[in-house]
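Participant: Can you keep this structure in mind? I'll have questions shortly.
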Amino acid sequence: MAEAADAGRTVILTVDDDPGVSRAVARDLRRRYGKSYRIVRAESGPSALEALRELKLRGDLVAVILADYRMPQMNGIEFLEQALDVYPGARRVLLTAYADTNAAIDAINVVDLDHYLLKPWDPPEEKLYPVVDDLLESWRCSAHRPVPSTKVVGHRWSARSSDVREFLARNQVPYRWYSVEEPEGRRLLAAAAEDGQRLPVVITPDGTVLVEPEAPELAARVGLATTPTADFYDLVVIGGGPAGLGSAVYGASEGLRTVLVERSATGGQAGQSSRIENYLGFPDGVSGAQLTDRARRQASRFGAEILTTREVTGLEVNGGARVVRFADGSAIAAHSVILATGVQYRQLEATGCTDLTGCGVFYGSALTEAAACQDHDVFVVGGANSAGQAAMYLSRFAKSVTLLVRGADLSASMSYYLVQQIEEAPNIAVRGHTVVDAAHGTDRLEALTLRHVGSGESERVDAQWMFVFIGAAPLTDWLGGTVARDPRGFILAGPDLSEDGGPPPGWELDRPPYHLETSIPGVFVAGDARAESAKRVASAVGEGAMAVMLVHRYLEQS
């Protein structure tokens, strides 16, 4: 249960499972702050999170959150950790008993706690109000204002509309979706003087109308940084997946002037994951979007620049500088470069898939489409962790989810914990030895032709949704012959650069390459793009941190 006052004012939220304590906190807060702030009261962590999400959707501001530590279902630290994702700028206070002070101190590291209060706090004039006054002043001095939401008007089965929604979602840009088939969508089109023949139409918070916008234009209009602030840096990180974000965090935090360049959206393949459950420190799992958002904010807080929609087309050596060239002809230079370009899902070569991509056929999780799968039959192609995580997430919405696997079962390429979850899910089925031969439909996916790889027997099944995870190819073609790569395009580094583990041909330094150093001194590789990498989020983050350590070593000896 959550209780709110009048709308239109900044919120102070309090949550305590003891009704008497909850009312007492709200009473004391209203007495002091009720004329200027809304006081929202909740009696459980889940109801408080629901209230926060409703406030977020309405665009309301939340200045301070006070949470009791000892609550059933979800304690105060767990609640504040999730509240941080909804309102990262809100100041956070934990209410504790004397016996819980150690937990409160630990929470300072876990949720960046601003303060903890011992109960009881009487008199509030001495123990409560001075604390809240300071937090409100700190909040008012911060960049706490939310970005008003962008409006997207499009068609449900439009590939371009799907691309725009996915781009905004993955870049953490608030937006509202309006179908052109609904009255409000038509009203927005009329206000924008558009007839709906060209979709999507994007209306930015300042009222600018964009018709079928390309990613760079859209990024610039919704406030994403696309232009570097300098011509020369200590470190350029290319790619914004876990390895790239890890490099940006460690590089910037250790004093390197760092810029991260991403062609689409930070997070990489991991950012599209609905749930990562084997990442260290998150026993209940974490979504790829949450992990990406936290890492991005962390990198920015340390001073790293993050550029989106910048496609890198070349890497050159100019004396001691490493020059990174962009598709628009511009360039930046740095003392060092970390290649964290990651991989992309391979395209399904079945007949009809290309024409229906974005219209029922999706590569990756496409989490923006999950809710639209309600009560439908969904097919997921692939047998690795990414496919399993998507199947588990989609099963929350779909009537049924069928995993199509070329091998006999999931055991060869999927983590054991995930195999167990899929086996226990009542609406997920696994079809082994099965491939997709064709996708059928005119404006959208309507059916699939499936083939058993052993018997060759084919079957046509009705289908509106197919999500594809069939292996990955490194995003390294743009490098050409600049750095050494293996026959599959993965970047060679360190001892892998030559058969005997020594320096590669043309290496000019009197030392061998460092462990993650490529065939060009000062250019390092981290994450999935590296040959023989582990292809796990934790290892990618670790390699990003290690690459920065080696950058320091390189710079000290240059």
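Ligands are numbered from 1 in the order shown, residues from 1 within each chain, and chains are lettered A, B, ... in the order they appear in the structure tokens.
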Please provide as a PDB file with all heavy atoms, in the first residue's frame all residues within 6 Å of A:Tyr69, with the sequence filter that same-chain residues fewer than 4 positions apart are discarded (counting only C-alpha atoms).
Facilitator:
```pdb
ATOM      1  N   ASN A  75      14.610  -6.236   2.340  1.00  0.00           N
ATOM      2  CA  ASN A  75      15.074  -5.319   3.377  1.00  0.00           C
ATOM      3  C   ASN A  75      15.410  -3.953   2.781  1.00  0.00           C
ATOM      4  O   ASN A  75      15.374  -3.755   1.552  1.00  0.00           O
ATOM      5  CB  ASN A  75      16.257  -5.906   4.162  1.00  0.00           C
ATOM      6  CG  ASN A  75      17.524  -6.033   3.324  1.00  0.00           C
ATOM      7  OD1 ASN A  75      17.848  -5.193   2.501  1.00  0.00           O
ATOM      8  ND2 ASN A  75      18.274  -7.117   3.561  1.00  0.00           N
ATOM      9  N   GLY A  76      15.752  -3.017   3.638  1.00  0.00           N
ATOM     10  CA  GLY A  76      15.950  -1.645   3.185  1.00  0.00           C
ATOM     11  C   GLY A  76      17.082  -1.478   2.201  1.00  0.00           C
ATOM     12  O   GLY A  76      16.988  -0.671   1.267  1.00  0.00           O
ATOM     13  N   LEU A  95      16.830   3.736   7.815  1.00  0.00           N
ATOM     14  CA  LEU A  95      16.392   3.801   9.202  1.00  0.00           C
ATOM     15  C   LEU A  95      16.779   2.494   9.881  1.00  0.00           C
ATOM     16  O   LEU A  95      16.389   1.416   9.429  1.00  0.00           O
ATOM     17  CB  LEU A  95      14.879   4.010   9.276  1.00  0.00           C
ATOM     18  CG  LEU A  95      14.319   5.240   8.531  1.00  0.00           C
ATOM     19  CD1 LEU A  95      12.808   5.265   8.632  1.00  0.00           C
ATOM     20  CD2 LEU A  95      14.914   6.519   9.096  1.00  0.00           C
ATOM     21  N   THR A  96      17.549   2.571  10.957  1.00  0.00           N
ATOM     22  CA  THR A  96      18.053   1.365  11.592  1.00  0.00           C
ATOM     23  C   THR A  96      17.880   1.427  13.099  1.00  0.00           C
ATOM     24  O   THR A  96      17.764   2.512  13.696  1.00  0.00           O
ATOM     25  CB  THR A  96      19.560   1.167  11.304  1.00  0.00           C
ATOM     26  OG1 THR A  96      20.303   2.203  11.950  1.00  0.00           O
ATOM     27  CG2 THR A  96      19.845   1.180   9.821  1.00  0.00           C
TER      28      THR A  96
END
```
Participant: For A:Leu52, work out the shell of residues within 9 Å, counting only C-alpha atoms and skipping chain neighbours fewer than 2 positions away, then give it as an MDAnalysis selection string.
Facilitator: chainID A and resid 13 47:50 54:57 62 83 86:87
Participant: Using only C-alpha atoms, can you tell me which of A:Leu394, A:Val11, A:Ala67, A:Cys359 comes closest to A:Val25?
Facilitator: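 Using only C-alpha atoms, the shortest distance to A:Val25 belongs to A:Ala67.
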Participant: In terms of the shortest atom-to-atom distance over only C-alpha atoms, which of A:Asp528, A:Asp85, A:Glu126, A:Asp18 is closest to A:Gln344?
Facilitator: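 Among A:Asp528, A:Asp85, A:Glu126, A:Asp18, it is A:Asp528 that comes nearest to A:Gln344.
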Participant: Which residue, A:Ala225, A:Leu117, A:Leu315, A:Val93, has the smallest gap to A:Ala333 when you use only C-alpha atoms?
Facilitator: A:Leu315
Participant: Quick one: residues within 12 Å of A:Gln421, only C-alpha atoms, excluding same-chain residues fewer than 4 positions away - as JSON, numbers by chain?
Facilitator: {"A": [277, 385, 388, 389, 391, 392, 393, 395, 410, 414, 415, 416, 417, 425, 426, 427, 428, 429]}
Participant: Save the residues we just selected, all heavy atoms, as a short mmCIF file (atom, residue, chain, number, x, y, z; two decimals), in the first residue's frame?
Facilitator:
```cif
data_model
loop_
_atom_site.label_atom_id
_atom_site.label_comp_id
_atom_site.auth_asym_id
_atom_site.auth_seq_id
_atom_site.Cartn_x
_atom_site.Cartn_y
_atom_site.Cartn_z
N GLU A 277 22.49 -14.14 -14.33
CA GLU A 277 22.39 -14.69 -12.97
C GLU A 277 23.69 -15.25 -12.44
O GLU A 277 23.76 -15.65 -11.27
CB GLU A 277 21.31 -15.77 -12.94
CG GLU A 277 19.92 -15.23 -13.25
CD GLU A 277 18.83 -16.22 -12.91
OE1 GLU A 277 18.68 -16.54 -11.73
OE2 GLU A 277 18.14 -16.65 -13.84
N ASN A 385 23.80 -19.37 -23.75
CA ASN A 385 23.19 -18.66 -22.61
C ASN A 385 22.28 -17.53 -23.03
O ASN A 385 21.22 -17.31 -22.43
CB ASN A 385 24.29 -18.11 -21.69
CG ASN A 385 24.80 -19.15 -20.73
OD1 ASN A 385 24.48 -20.33 -20.86
ND2 ASN A 385 25.60 -18.74 -19.77
N GLY A 388 18.98 -18.89 -23.91
CA GLY A 388 18.27 -19.38 -22.74
C GLY A 388 17.73 -18.26 -21.88
O GLY A 388 16.59 -18.33 -21.38
N GLN A 389 18.52 -17.20 -21.69
CA GLN A 389 18.05 -16.05 -20.91
C GLN A 389 16.85 -15.39 -21.58
O GLN A 389 15.89 -15.00 -20.92
CB GLN A 389 19.20 -15.06 -20.73
CG GLN A 389 20.29 -15.54 -19.80
CD GLN A 389 21.61 -14.82 -20.00
OE1 GLN A 389 21.76 -14.02 -20.93
NE2 GLN A 389 22.57 -15.10 -19.14
N ALA A 391 14.71 -16.87 -23.62
CA ALA A 391 13.57 -17.78 -23.50
C ALA A 391 12.90 -17.66 -22.13
O ALA A 391 11.66 -17.62 -22.03
CB ALA A 391 14.01 -19.22 -23.75
N MET A 392 13.70 -17.60 -21.08
CA MET A 392 13.14 -17.47 -19.74
C MET A 392 12.37 -16.16 -19.59
O MET A 392 11.28 -16.12 -19.01
CB MET A 392 14.25 -17.54 -18.69
CG MET A 392 14.86 -18.92 -18.50
SD MET A 392 13.63 -20.16 -17.96
CE MET A 392 13.09 -19.43 -16.42
N TYR A 393 12.93 -15.08 -20.13
CA TYR A 393 12.25 -13.78 -20.01
C TYR A 393 10.96 -13.76 -20.84
O TYR A 393 9.90 -13.33 -20.35
CB TYR A 393 13.19 -12.67 -20.49
CG TYR A 393 12.59 -11.29 -20.38
CD1 TYR A 393 12.44 -10.68 -19.14
CD2 TYR A 393 12.18 -10.60 -21.51
CE1 TYR A 393 11.89 -9.42 -19.04
CE2 TYR A 393 11.62 -9.33 -21.42
CZ TYR A 393 11.48 -8.74 -20.17
OH TYR A 393 10.92 -7.49 -20.07
N SER A 395 9.12 -16.16 -21.67
CA SER A 395 8.10 -17.08 -21.14
C SER A 395 7.18 -16.41 -20.13
O SER A 395 6.10 -16.91 -19.84
CB SER A 395 8.78 -18.30 -20.50
OG SER A 395 9.45 -17.94 -19.30
N LEU A 410 20.50 -28.86 -24.90
CA LEU A 410 21.12 -27.60 -24.50
C LEU A 410 22.43 -27.78 -23.73
O LEU A 410 23.13 -26.80 -23.47
CB LEU A 410 20.14 -26.80 -23.61
CG LEU A 410 18.80 -26.44 -24.24
CD1 LEU A 410 17.89 -25.81 -23.19
CD2 LEU A 410 18.99 -25.48 -25.41
N MET A 414 25.11 -24.37 -22.95
CA MET A 414 24.38 -23.52 -22.02
C MET A 414 24.76 -23.87 -20.59
O MET A 414 25.00 -25.03 -20.26
CB MET A 414 22.86 -23.70 -22.22
CG MET A 414 22.01 -22.67 -21.47
SD MET A 414 20.23 -22.86 -21.81
CE MET A 414 20.16 -22.38 -23.54
N SER A 415 24.82 -22.84 -19.73
CA SER A 415 25.17 -23.06 -18.33
C SER A 415 24.14 -23.96 -17.66
O SER A 415 22.95 -23.88 -17.94
CB SER A 415 25.24 -21.72 -17.59
OG SER A 415 26.30 -20.93 -18.07
N TYR A 416 24.64 -24.77 -16.74
CA TYR A 416 23.79 -25.78 -16.10
C TYR A 416 22.59 -25.15 -15.40
O TYR A 416 21.47 -25.66 -15.49
CB TYR A 416 24.63 -26.59 -15.10
CG TYR A 416 23.84 -27.63 -14.34
CD1 TYR A 416 23.43 -28.82 -14.95
CD2 TYR A 416 23.49 -27.42 -13.01
CE1 TYR A 416 22.70 -29.76 -14.25
CE2 TYR A 416 22.77 -28.36 -12.30
CZ TYR A 416 22.37 -29.53 -12.92
OH TYR A 416 21.64 -30.46 -12.23
N TYR A 417 22.82 -24.02 -14.68
CA TYR A 417 21.72 -23.41 -13.94
C TYR A 417 20.58 -23.00 -14.87
O TYR A 417 19.40 -23.10 -14.53
CB TYR A 417 22.21 -22.20 -13.13
CG TYR A 417 22.36 -20.92 -13.92
CD1 TYR A 417 21.30 -20.03 -14.04
CD2 TYR A 417 23.54 -20.61 -14.58
CE1 TYR A 417 21.42 -18.86 -14.77
CE2 TYR A 417 23.67 -19.46 -15.32
CZ TYR A 417 22.61 -18.58 -15.40
OH TYR A 417 22.73 -17.42 -16.14
N ALA A 425 10.49 -24.76 -16.49
CA ALA A 425 9.49 -23.80 -16.97
C ALA A 425 8.37 -24.53 -17.71
O ALA A 425 8.64 -25.24 -18.69
CB ALA A 425 10.14 -22.77 -17.89
N PRO A 426 7.12 -24.38 -17.30
CA PRO A 426 6.04 -25.16 -17.90
C PRO A 426 5.71 -24.80 -19.34
O PRO A 426 5.14 -25.63 -20.07
CB PRO A 426 4.85 -24.88 -16.98
CG PRO A 426 5.17 -23.55 -16.36
CD PRO A 426 6.65 -23.51 -16.21
N ASN A 427 6.04 -23.59 -19.76
CA ASN A 427 5.66 -23.18 -21.12
C ASN A 427 6.85 -23.03 -22.06
O ASN A 427 6.77 -22.34 -23.08
CB ASN A 427 4.86 -21.88 -21.09
CG ASN A 427 5.64 -20.70 -20.50
OD1 ASN A 427 6.59 -20.91 -19.75
ND2 ASN A 427 5.23 -19.49 -20.84
N ILE A 428 7.98 -23.68 -21.74
CA ILE A 428 9.15 -23.69 -22.64
C ILE A 428 9.41 -25.12 -23.10
O ILE A 428 9.48 -26.04 -22.29
CB ILE A 428 10.42 -23.14 -21.95
CG1 ILE A 428 10.21 -21.70 -21.49
CG2 ILE A 428 11.60 -23.21 -22.91
CD1 ILE A 428 11.42 -21.09 -20.82
N ALA A 429 9.53 -25.27 -24.42
CA ALA A 429 9.86 -26.58 -25.00
C ALA A 429 11.16 -26.45 -25.78
O ALA A 429 11.49 -25.38 -26.28
CB ALA A 429 8.73 -27.05 -25.92
#
```
Participant: Please return as a PyMOL selection string: the residues of stretch 339-541 of chain A that backbone DSSP assigns to strand (DSSP E or B).
Facilitator: chain A and resi 339+343-345+351+357+361-363+377-381+400-404+428-431+434-440+447-452+458-462+465-468+472-474+485+491+517+523-525+530
Participant: So that I can check the surroundings of A:Ala159, please list as a list in words every protein, DNA and RNA residue that reaches within 10 Å of it, counting only C-alpha atoms and ignoring chain neighbours fewer than 5 positions away.
Facilitator: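 So the residues in contact are Gly154, Val164, Leu199, Pro200, Asp355, Leu356, Thr357, Gly358, Cys359, Gly360, Val361, Phe362, Asp443 and Arg444 of chain A.
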Participant: List the spatial neighbours of A:Pro513 as a list in words - criterion: any atom at most 10 Å away, only C-alpha atoms, same-chain residues fewer than 3 positions off excluded.
Facilitator: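 These residues fall inside the cut-off: Ala493, Gly494, Pro495, Asp496, Leu497, Gly501, Gly502, Pro503, Pro504, Trp507, Leu509, Asp510, Leu516, Glu517, Thr518, Ser519, Ile520, Pro521, Gly522, Phe524 and Tyr554 of chain A.
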